[in-house]
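Listing of entry_11.pdb; format and content: PDB, C-alpha atoms.
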```pdb
ATOM      1  CA  MET A1224      12.860  24.573 108.029
ATOM      2  CA  GLN A1225      14.251  22.346 105.297
ATOM      3  CA  THR A1226      11.878  21.342 102.523
ATOM      4  CA  LEU A1227      11.810  17.844 101.047
ATOM      5  CA  LEU A1228      13.546  19.197  97.972
ATOM      6  CA  ASP A1229      16.288  20.648 100.189
ATOM      7  CA  LEU A1230      16.785  17.266 101.867
ATOM      8  CA  LEU A1231      16.912  15.473  98.525
ATOM      9  CA  ALA A1232      19.401  17.993  97.164
ATOM     10  CA  LYS A1233      21.713  17.580 100.168
ATOM     11  CA  LYS A1234      21.463  13.805 100.033
ATOM     12  CA  ALA A1235      22.190  13.796  96.308
ATOM     13  CA  GLN A1236      25.156  16.140  96.760
ATOM     14  CA  ARG A1237      26.684  13.731  99.250
ATOM     15  CA  LEU A1238      26.721  11.040  96.536
ATOM     16  CA  GLU A1239      29.279  13.277  94.869
ATOM     17  CA  ASP A1240      31.023  14.909  97.826
ATOM     18  CA  ILE A1241      31.711  11.930 100.121
ATOM     19  CA  PRO A1242      33.475   9.715  97.542
ATOM     20  CA  ASN A1243      35.377  12.773  96.239
ATOM     21  CA  LYS A1244      36.574  13.620  99.752
ATOM     22  CA  PHE A1245      37.802  10.050 100.145
ATOM     23  CA  LEU A1246      39.561  10.201  96.759
ATOM     24  CA  SER A1247      41.205  13.493  97.720
ATOM     25  CA  ASN A1248      42.594  11.760 100.821
ATOM     26  CA  ILE A1249      43.870   8.914  98.637
ATOM     27  CA  GLN A1250      45.830  11.356  96.478
ATOM     28  CA  LYS A1251      47.667  12.522  99.590
ATOM     29  CA  VAL A1252      48.198   8.955 100.800
ATOM     30  CA  GLN A1253      49.747   7.962  97.459
ATOM     31  CA  LEU A1254      52.593  10.459  97.943
ATOM     32  CA  GLU A1255      53.217   9.066 101.409
ATOM     33  CA  LEU A1256      53.185   5.520 100.052
ATOM     34  CA  LEU A1257      55.668   6.344  97.300
ATOM     35  CA  LYS A1258      58.253   7.533  99.822
ATOM     36  CA  SER A1259      57.781   4.382 101.913
ATOM     37  CA  VAL A1260      57.977   2.076  98.878
ATOM     38  CA  GLU A1261      61.165   3.830  97.754
ATOM     39  CA  ASP A1262      62.626   3.141 101.200
ATOM     40  CA  VAL A1263      61.800  -0.569 100.769
ATOM     41  CA  ILE A1264      63.413  -0.692  97.313
ATOM     42  CA  ALA A1265      66.505   1.064  98.644
ATOM     43  CA  THR A1266      67.222  -1.978 100.849
ATOM     44  CA  PHE A1267      68.036  -4.072  97.754
ATOM     45  CA  ASN A1268      71.663  -4.513  96.704
ATOM     46  CA  ILE A1269      72.468  -2.136  93.839
ATOM     47  CA  SER A1270      75.732  -2.256  91.851
ATOM     48  CA  SER A1271      78.078   0.712  91.490
ATOM     49  CA  SER A1272      76.716   1.171  87.947
ATOM     50  CA  GLY A1273      73.180   1.640  89.304
ATOM     51  CA  ASN A1274      71.735  -1.780  88.470
ATOM     52  CA  PHE A1275      69.994  -4.355  90.656
ATOM     53  CA  VAL A1276      72.437  -7.088  91.637
ATOM     54  CA  VAL A1277      71.338 -10.519  90.401
ATOM     55  CA  SER A1278      71.736 -12.475  93.653
ATOM     56  CA  LYS A1279      70.080 -14.869  96.087
ATOM     57  CA  ALA A1280      70.033 -12.110  98.693
ATOM     58  CA  ASN A1281      67.956  -9.862  96.448
ATOM     59  CA  MET A1282      65.638 -12.716  95.454
ATOM     60  CA  THR A1283      65.093 -13.457  99.135
ATOM     61  CA  LYS A1284      64.028  -9.844  99.627
ATOM     62  CA  VAL A1285      61.611 -10.194  96.686
ATOM     63  CA  ALA A1286      59.934 -13.107  98.470
ATOM     64  CA  GLU A1287      59.363 -10.847 101.470
ATOM     65  CA  LEU A1288      57.835  -7.977  99.478
ATOM     66  CA  ASP A1289      54.203  -8.983 100.053
ATOM     67  CA  VAL A1290      54.609  -8.548 103.801
ATOM     68  CA  LEU A1291      56.743  -5.413 103.486
ATOM     69  CA  LEU A1292      54.346  -3.650 101.115
ATOM     70  CA  ARG A1293      51.347  -4.600 103.219
ATOM     71  CA  ASP A1294      53.170  -3.184 106.231
ATOM     72  CA  VAL A1295      53.786   0.042 104.291
ATOM     73  CA  LEU A1296      50.049   0.343 103.675
ATOM     74  CA  ASP A1297      49.148  -0.424 107.276
ATOM     75  CA  ARG A1298      51.541   2.259 108.530
ATOM     76  CA  SER A1299      50.149   4.846 106.124
ATOM     77  CA  GLU A1300      46.917   6.820 106.508
ATOM     78  CA  TYR A1301      45.235   4.658 103.878
ATOM     79  CA  ARG A1302      43.363   2.412 106.289
ATOM     80  CA  GLU A1303      42.115   5.424 108.269
ATOM     81  CA  ALA A1304      40.862   7.044 105.036
ATOM     82  CA  VAL A1305      38.915   3.875 104.206
ATOM     83  CA  THR A1306      37.510   3.697 107.753
ATOM     84  CA  GLN A1307      36.254   7.290 107.630
ATOM     85  CA  PHE A1308      34.707   6.673 104.213
ATOM     86  CA  ALA A1309      32.858   3.597 105.499
ATOM     87  CA  LYS A1310      31.423   5.601 108.417
ATOM     88  CA  GLU A1311      29.744   7.959 105.951
ATOM     89  CA  PHE A1312      27.452   5.099 104.876
ATOM     90  CA  ASN A1313      25.786   5.413 108.289
ATOM     91  CA  VAL A1314      25.435   9.182 107.943
ATOM     92  CA  GLN A1315      23.750   8.672 104.576
ATOM     93  CA  VAL A1316      21.190   6.411 106.243
ATOM     94  CA  ASP A1317      20.405   9.285 108.631
ATOM     95  CA  PHE A1318      19.809  11.598 105.667
ATOM     96  CA  ASN A1319      17.431   9.047 104.184
ATOM     97  CA  ASN A1320      15.601   8.637 107.477
ATOM     98  CA  THR A1321      15.185  12.392 107.840
ATOM     99  CA  TYR A1322      13.703  12.602 104.353
ATOM    100  CA  PHE A1323      11.333   9.650 104.795
ATOM    101  CA  SER A1324      10.196  10.916 108.197
ATOM    102  CA  GLU A1325       9.140  14.178 106.554
ATOM    103  CA  ALA A1326       7.663  12.595 103.433
ATOM    104  CA  PHE A1327       5.723   9.651 104.905
ATOM    105  CA  LYS A1328       3.726   9.655 108.105
ATOM    106  CA  GLY A1329       4.526   6.774 110.449
ATOM    107  CA  PHE A1330       7.833   5.948 108.762
ATOM    108  CA  LYS A1331      10.185   3.588 110.600
ATOM    109  CA  SER A1332      13.797   2.820 109.827
ATOM    110  CA  SER A1333      14.205  -0.280 107.648
ATOM    111  CA  GLU A1334      16.035  -3.231 109.225
ATOM    112  CA  ILE A1335      16.407  -4.884 105.830
ATOM    113  CA  GLY A1336      17.767  -1.640 104.433
ATOM    114  CA  LEU A1337      20.254  -1.348 107.291
ATOM    115  CA  MET A1338      21.455  -4.901 106.616
ATOM    116  CA  ALA A1339      21.998  -3.974 102.958
ATOM    117  CA  VAL A1340      24.026  -0.937 103.994
ATOM    118  CA  ARG A1341      26.160  -3.001 106.391
ATOM    119  CA  ASN A1342      26.859  -5.494 103.606
ATOM    120  CA  ALA A1343      27.807  -2.647 101.270
ATOM    121  CA  GLN A1344      30.168  -1.218 103.892
ATOM    122  CA  ARG A1345      31.903  -4.560 104.349
ATOM    123  CA  ASN A1346      32.140  -5.034 100.598
ATOM    124  CA  ALA A1347      33.647  -1.570 100.107
ATOM    125  CA  VAL A1348      36.215  -2.050 102.873
ATOM    126  CA  ASP A1349      37.180  -5.505 101.597
ATOM    127  CA  LEU A1350      37.633  -4.235  98.042
ATOM    128  CA  LEU A1351      39.647  -1.212  99.130
ATOM    129  CA  ILE A1352      41.764  -2.859 101.822
ATOM    130  CA  ASN A1353      42.293  -6.341 100.396
ATOM    131  CA  THR A1354      41.184  -7.368  96.905
ATOM    132  CA  SER A1355      42.143  -4.309  94.885
ATOM    133  CA  ILE A1356      45.213  -3.488  96.955
ATOM    134  CA  ASP A1357      46.643  -6.933  96.200
ATOM    135  CA  SER A1358      45.810  -7.023  92.491
ATOM    136  CA  ASP A1359      46.472  -3.395  91.585
ATOM    137  CA  PHE A1360      49.226  -2.320  93.963
ATOM    138  CA  ILE A1361      51.189  -5.021  95.765
ATOM    139  CA  ILE A1362      51.393  -7.563  92.926
ATOM    140  CA  PRO A1363      52.374  -5.064  90.168
ATOM    141  CA  ILE A1364      55.134  -3.561  92.325
ATOM    142  CA  LYS A1365      56.425  -6.978  93.353
ATOM    143  CA  GLN A1366      56.483  -8.113  89.725
ATOM    144  CA  GLN A1367      58.452  -5.073  88.642
ATOM    145  CA  ILE A1368      61.076  -5.556  91.338
ATOM    146  CA  GLU A1369      61.313  -9.304  90.762
ATOM    147  CA  GLN A1370      61.895  -8.754  87.041
ATOM    148  CA  ALA A1371      64.497  -6.113  87.868
ATOM    149  CA  VAL A1372      66.400  -8.479  90.168
ATOM    150  CA  VAL A1373      66.299 -11.353  87.660
ATOM    151  CA  THR A1374      67.462  -9.179  84.752
ATOM    152  CA  GLY A1375      69.743  -6.755  86.605
ATOM    153  CA  ALA A1376      67.675  -3.766  85.472
ATOM    154  CA  ARG A1377      68.648  -0.183  86.175
ATOM    155  CA  PHE A1378      67.520   1.039  89.589
ATOM    156  CA  ARG A1379      66.439   4.469  88.312
ATOM    157  CA  GLU A1380      64.204   3.013  85.588
ATOM    158  CA  VAL A1381      62.524   0.649  88.043
ATOM    159  CA  LEU A1382      61.952   3.520  90.447
ATOM    160  CA  ASP A1383      60.257   5.504  87.663
ATOM    161  CA  THR A1384      57.934   2.570  86.957
ATOM    162  CA  ILE A1385      57.093   2.188  90.642
ATOM    163  CA  GLN A1386      56.288   5.894  90.803
ATOM    164  CA  GLN A1387      53.936   5.492  87.831
ATOM    165  CA  ILE A1388      52.155   2.629  89.602
ATOM    166  CA  THR A1389      51.941   4.459  92.923
ATOM    167  CA  THR A1390      51.188   8.092  92.056
ATOM    168  CA  GLY A1391      50.761   8.169  88.283
ATOM    169  CA  ASP A1392      51.501  11.371  86.382
ATOM    170  CA  ALA A1393      49.726  14.412  84.932
ATOM    171  CA  GLN A1394      47.744  12.210  82.528
ATOM    172  CA  THR A1395      47.270   8.992  84.506
ATOM    173  CA  ASP A1396      46.183   8.330  88.086
ATOM    174  CA  GLY A1397      48.119   6.043  90.367
ATOM    175  CA  LYS A1398      46.739   2.508  90.613
ATOM    176  CA  ILE A1399      45.203   2.970  94.065
ATOM    177  CA  LEU A1400      43.365   6.099  92.953
ATOM    178  CA  GLN A1401      42.251   4.421  89.710
ATOM    179  CA  TYR A1402      40.478   1.514  91.356
ATOM    180  CA  SER A1403      39.256   3.629  94.257
ATOM    181  CA  LYS A1404      37.340   5.985  91.956
ATOM    182  CA  GLN A1405      34.764   3.486  90.761
ATOM    183  CA  ILE A1406      34.647   1.508  93.996
ATOM    184  CA  ALA A1407      34.018   4.618  96.099
ATOM    185  CA  HIS A1408      31.283   6.125  93.962
ATOM    186  CA  ASP A1409      29.495   2.871  93.160
ATOM    187  CA  THR A1410      29.525   1.279  96.605
ATOM    188  CA  PHE A1411      28.380   4.491  98.296
ATOM    189  CA  ALA A1412      25.614   5.209  95.776
ATOM    190  CA  VAL A1413      24.352   1.614  95.643
ATOM    191  CA  ALA A1414      24.236   1.435  99.462
ATOM    192  CA  ASP A1415      22.254   4.678  99.543
ATOM    193  CA  ARG A1416      19.800   3.489  96.886
ATOM    194  CA  SER A1417      19.494   0.016  98.430
ATOM    195  CA  TYR A1418      18.379   1.511 101.719
ATOM    196  CA  ALA A1419      15.919   3.832  99.976
ATOM    197  CA  ALA A1420      14.602   0.921  97.897
ATOM    198  CA  ALA A1421      14.040  -1.205 101.006
ATOM    199  CA  VAL A1422      12.084   1.605 102.649
ATOM    200  CA  ALA A1423      10.041   2.176  99.495
ATOM    201  CA  GLN A1424       9.163  -1.516  99.379
ATOM    202  CA  GLU A1425       8.119  -1.588 103.026
ATOM    203  CA  ILE A1426       5.903   1.500 102.806
ATOM    204  CA  GLY A1427       4.404   0.374  99.494
ATOM    205  CA  ALA A1428       5.510   3.445  97.538
ATOM    206  CA  ASP A1429       4.205   3.739  93.974
ATOM    207  CA  TRP A1430       5.837   7.023  92.949
ATOM    208  CA  PHE A1431       9.489   8.016  92.712
ATOM    209  CA  GLY A1432      11.667  10.978  91.841
ATOM    210  CA  TYR A1433      14.760  10.333  89.706
ATOM    211  CA  SER A1434      17.085  12.997  91.066
ATOM    212  CA  GLY A1435      20.740  13.682  91.640
ATOM    213  CA  GLY A1436      23.706  15.171  89.860
ATOM    214  CA  THR A1437      24.747  15.056  86.239
ATOM    215  CA  ILE A1438      28.431  14.907  85.339
ATOM    216  CA  LYS A1439      30.430  15.048  82.114
ATOM    217  CA  THR A1440      30.144  11.287  81.755
ATOM    218  CA  SER A1441      26.404  11.097  82.546
ATOM    219  CA  ARG A1442      24.699   8.693  80.175
ATOM    220  CA  ALA A1443      21.638   9.247  78.022
ATOM    221  CA  PHE A1444      19.665   6.991  80.380
ATOM    222  CA  CYS A1445      20.162   9.357  83.318
ATOM    223  CA  ILE A1446      19.965  12.586  81.352
ATOM    224  CA  GLU A1447      16.566  11.574  79.961
ATOM    225  CA  ARG A1448      15.185  10.929  83.448
ATOM    226  CA  HIS A1449      16.963  13.624  85.471
ATOM    227  CA  ASN A1450      14.675  15.427  87.982
ATOM    228  CA  LYS A1451      11.509  13.723  86.721
ATOM    229  CA  PHE A1452       8.828  11.604  88.417
ATOM    230  CA  PHE A1453       7.776   8.068  87.562
ATOM    231  CA  SER A1454       5.503   5.291  88.772
ATOM    232  CA  ARG A1455       6.967   2.053  90.115
ATOM    233  CA  LYS A1456       5.698   0.065  87.131
ATOM    234  CA  GLU A1457       7.452   2.298  84.599
ATOM    235  CA  ILE A1458      10.785   2.043  86.430
ATOM    236  CA  GLU A1459      10.443  -1.732  86.575
ATOM    237  CA  ILE A1460       9.914  -1.805  82.803
ATOM    238  CA  TRP A1461      13.245  -0.018  82.272
ATOM    239  CA  GLY A1462      14.939  -2.588  84.465
ATOM    240  CA  SER A1463      13.596  -5.330  82.209
ATOM    241  CA  GLY A1464      15.304  -3.644  79.268
ATOM    242  CA  LYS A1465      12.443  -1.783  77.625
ATOM    243  CA  ALA A1466      12.010   1.918  76.904
ATOM    244  CA  THR A1467       8.770   3.710  77.796
ATOM    245  CA  GLY A1468       6.967   6.697  76.340
ATOM    246  CA  ASP A1469       9.304   8.928  74.321
ATOM    247  CA  PHE A1470      12.524   7.720  75.951
ATOM    248  CA  LEU A1471      15.287   6.438  73.679
ATOM    249  CA  THR A1472      16.816   4.183  76.319
ATOM    250  CA  PRO A1473      17.031   1.268  76.919
ATOM    251  CA  GLN A1474      17.740   0.080  73.378
ATOM    252  CA  GLY A1475      18.105  -3.578  72.527
ATOM    253  CA  GLY A1476      17.375  -4.568  76.101
ATOM    254  CA  THR A1477      20.121  -2.507  77.716
ATOM    255  CA  TRP A1478      21.860   0.894  77.843
ATOM    256  CA  ALA A1479      25.414   2.187  78.010
ATOM    257  CA  GLY A1480      26.858   1.671  81.494
ATOM    258  CA  GLU A1481      24.048  -0.531  82.806
ATOM    259  CA  MET A1482      25.213  -2.323  85.933
ATOM    260  CA  GLU A1483      25.466  -6.087  85.797
ATOM    261  CA  GLY A1484      22.478  -7.756  87.469
ATOM    262  CA  THR A1485      20.046  -4.919  86.743
ATOM    263  CA  ASN A1486      16.465  -6.113  86.380
ATOM    264  CA  GLU A1487      12.949  -4.898  87.126
ATOM    265  CA  LYS A1488      13.580  -5.099  90.890
ATOM    266  CA  THR A1489      17.270  -4.267  91.310
ATOM    267  CA  ILE A1490      17.089  -1.128  89.172
ATOM    268  CA  PHE A1491      15.908   0.762  92.256
ATOM    269  CA  ALA A1492      19.401   0.125  93.685
ATOM    270  CA  THR A1493      21.508   0.146  90.507
ATOM    271  CA  ALA A1494      19.718   3.111  88.838
ATOM    272  CA  GLY A1495      21.607   4.334  85.753
ATOM    273  CA  GLY A1496      24.497   1.959  86.312
ATOM    274  CA  TYR A1497      28.203   2.285  86.996
ATOM    275  CA  ASN A1498      29.273   5.697  88.326
ATOM    276  CA  CYS A1499      25.644   6.884  88.472
ATOM    277  CA  ARG A1500      25.080   9.832  90.833
ATOM    278  CA  HIS A1501      21.273   9.617  90.893
ATOM    279  CA  SER A1502      18.782   8.378  93.470
ATOM    280  CA  ILE A1503      15.398   6.802  92.869
ATOM    281  CA  MET A1504      13.539   8.168  95.875
ATOM    282  CA  ALA A1505      10.000   7.303  96.922
ATOM    283  CA  VAL A1506       7.697  10.322  96.963
ATOM    284  CA  SER A1507       4.064  10.880  97.898
ATOM    285  CA  ILE A1508       1.756  11.017  94.905
ATOM    286  CA  PHE A1509       0.638  14.402  96.222
ATOM    287  CA  SER A1510       4.165  15.697  95.514
ATOM    288  CA  VAL A1511       4.074  14.548  91.902
ATOM    289  CA  PRO A1512       3.108  17.046  89.174
ATOM    290  CA  ILE A1513      -0.368  16.294  87.802
ATOM    291  CA  GLU A1514       0.959  16.066  84.241
ATOM    292  CA  ASP A1515       3.301  13.228  85.271
ATOM    293  CA  ILE A1516       0.466  11.321  86.902
ATOM    294  CA  LYS A1517      -1.716  11.761  83.837
ATOM    295  CA  ARG A1518       1.134  10.653  81.577
ATOM    296  CA  ALA A1519       1.587   7.460  83.601
ATOM    297  CA  MET A1520      -2.150   6.843  83.525
ATOM    298  CA  SER A1521      -2.357   7.325  79.747
ATOM    299  CA  LEU A1522       0.458   4.816  79.232
ATOM    300  CA  GLY A1523      -1.164   2.288  81.567
ATOM    301  CA  PHE A1524       1.509   2.507  84.241
ATOM    302  CA  TYR A1525      -0.702   3.726  87.069
ATOM    303  CA  THR A1526      -4.315   3.434  88.167
ATOM    304  CA  PRO A1527      -5.234   5.974  90.863
ATOM    305  CA  THR A1528      -7.484   5.156  93.795
ATOM    306  CA  ASP A1529     -10.859   6.831  94.103
ATOM    307  CA  PHE A1530      -9.432   8.966  96.893
ATOM    308  CA  GLU A1531      -6.553  10.114  94.664
ATOM    309  CA  VAL A1532      -8.933  10.850  91.801
ATOM    310  CA  LYS A1533     -11.037  13.042  94.060
ATOM    311  CA  LYS A1534      -8.180  14.823  95.833
ATOM    312  CA  LEU A1535      -6.097  15.412  92.718
ATOM    313  CA  GLY A1536      -8.928  16.096  90.319
ATOM    314  CA  LEU A1537      -7.951  13.255  88.015
TER     315      LEU A1537
END
```
Written as structure tokens, how would this file's structure read?
Amino acid sequence: MQTLLDLLAKKAQRLEDIPNKFLSNIQKVQLELLKSVEDVIATFNISSSGNFVVSKANMTKVAELDVLLRDVLDRSEYREAVTQFAKEFNVQVDFNNTYFSEAFKGFKSSEIGLMAVRNAQRNAVDLLINTSIDSDFIIPIKQQIEQAVVTGARFREVLDTIQQITTGDAQTDGKILQYSKQIAHDTFAVADRSYAAAVAQEIGADWFGYSGGTIKTSRAFCIERHNKFFSRKEIEIWGSGKATGDFLTPQGGTWAGEMEGTNEKTIFATAGGYNCRHSIMAVSIFSVPIEDIKRAMSLGFYTPTDFEVKKLGL
């Protein structure tokens, strides 16, 4: 039988694995897209010397590029990759429900939490399918080709630039992969934490575990709190921009990478900020080490009930 720690570990690992699986699919899609974009560019009139012909016919084709490039994306496996990624938001809810069912007697799925997850799914799909695709893929490619047609640029040089935009190189990711990296990790993690935060609010949880994965770019804020337990009040204080106990962060009311809109309430969803792989999961006080409870009590962050005092020997 899985322990609560096992469930938390699996849930936390998915914050890393699911976005990475999506990004791996995007790397494959980029190669497919490059071939299709090259086919579109090949329809332009090119001179015998290898330059774009400066002509009305080519400018007319430029005006049609938005539709053509969008069609290239729709015919690729990109949309399917985004769809499969969005479905994983629902699976993550199931992981949360399994954990809460084991950790808290009488737990019921949160309708408010589910609404937050649905909103996060829609936001992720819109960013990946529409907003970012237009600004970081379609528009840059169209601009390059338009400039090439107006100036009569060399076809080979333009093709090299388009390749850089689409697939990148050994040092730089293609544009689709670049914007997908932060969108994928942040939308998935925030949806997961938003659901958990809604449940915690509904069950009146006072204790939380700050758990998840650390990566090369993990910030001091997360490293300081990794795999430790805290009372609700202490976490809220961080969200208001103040450090507690011996922690060095936040400093000056904030910390490196803090997500915009973080405050004493939203921190349960935003956690350490952009690209954070941690969860702030409600736990029973009876799962919290006694020394952590006593620390919170000594700092004025938690007052135990008489029942807790008796049962825990406080």
Original post:
Do you know which residues the PyMOL selection byres ((chain A and resi 1229-1236) around 12) returns on this file, as number ranges by chain?
Top reply: A: 1224-1228, 1237-1243, 1311-1312, 1314-1326, 1411-1412, 1415-1416, 1419, 1432-1438, 1450, 1499-1506
Original post:
Written as a ChimeraX atom specification, what is the full residue list that the PyMOL selection byres ((chain A and resi 1441-1445) around 8) yields on the file shown?
Top reply: /A:1437-1440,1446-1449,1472-1473,1478-1480,1495,1499,1501
Original post:
Near segment 1344-1361 of chain A, counting only C-alpha atoms, which residues have an atom at most 9 Å away, once you skip same-chain residues fewer than 6 positions from it, shown as a list of chain:residue names?
Top reply: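 Using only C-alpha atoms, the neighbours found are A:Leu1288, A:Asp1289, A:Leu1292, A:Arg1293, A:Tyr1301, A:Arg1302, A:Val1305, A:Thr1306, A:Phe1308, A:Ala1309, A:Lys1310, A:Phe1312, A:Ile1388, A:Thr1389, A:Lys1398, A:Ile1399, A:Tyr1402, A:Ser1403, A:Ile1406, A:Ala1407, A:Thr1410, A:Phe1411, A:Ala1414.
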**OP:** Determine the nearest neighbour of Lys1328 of chain A from the options A:Ala1286, A:Ser1507, A:Val1260, A:Gln1405, counting only C-alpha atoms.
**Re:** A:Ser1507
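Among the candidates A:Ile1508, A:Ile1513, A:Val1285, A:Gly1462, the one nearest to Ala1428 of chain A when counting only C-alpha atoms is A:Ile1508.
Distance annotation: of A:Phe1470, A:Phe1509, A:Phe1275, A:Phe1452, the residue with the minimal separation from Ala1376 of chain A is A:Phe1275; atom set is only C-alpha atoms.
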Original post:
Got a sec to resolve the PyMOL selection byres ((chain A and resi 1335) around 12) on this structure and send the residues as an NGL selection string?
Top reply: :A and (1331-1334 or 1336-1342 or 1414 or 1417-1425)
**OP:** List the neighbours of Glu1514 of chain A out to 12 Å using only C-alpha atoms; skip same-chain residues closer than 2 positions along the sequence, and give me the result as a ChimeraX atom specification.
**Re:** /A:1451-1453,1508,1510-1512,1516-1521,1535-1537
Original post:
What is the distance, in Å and to one decimal place, between atom CA of Ile1269 of chain A and atom CA of Val1372 of chain A?
Top reply: 9.5 Å
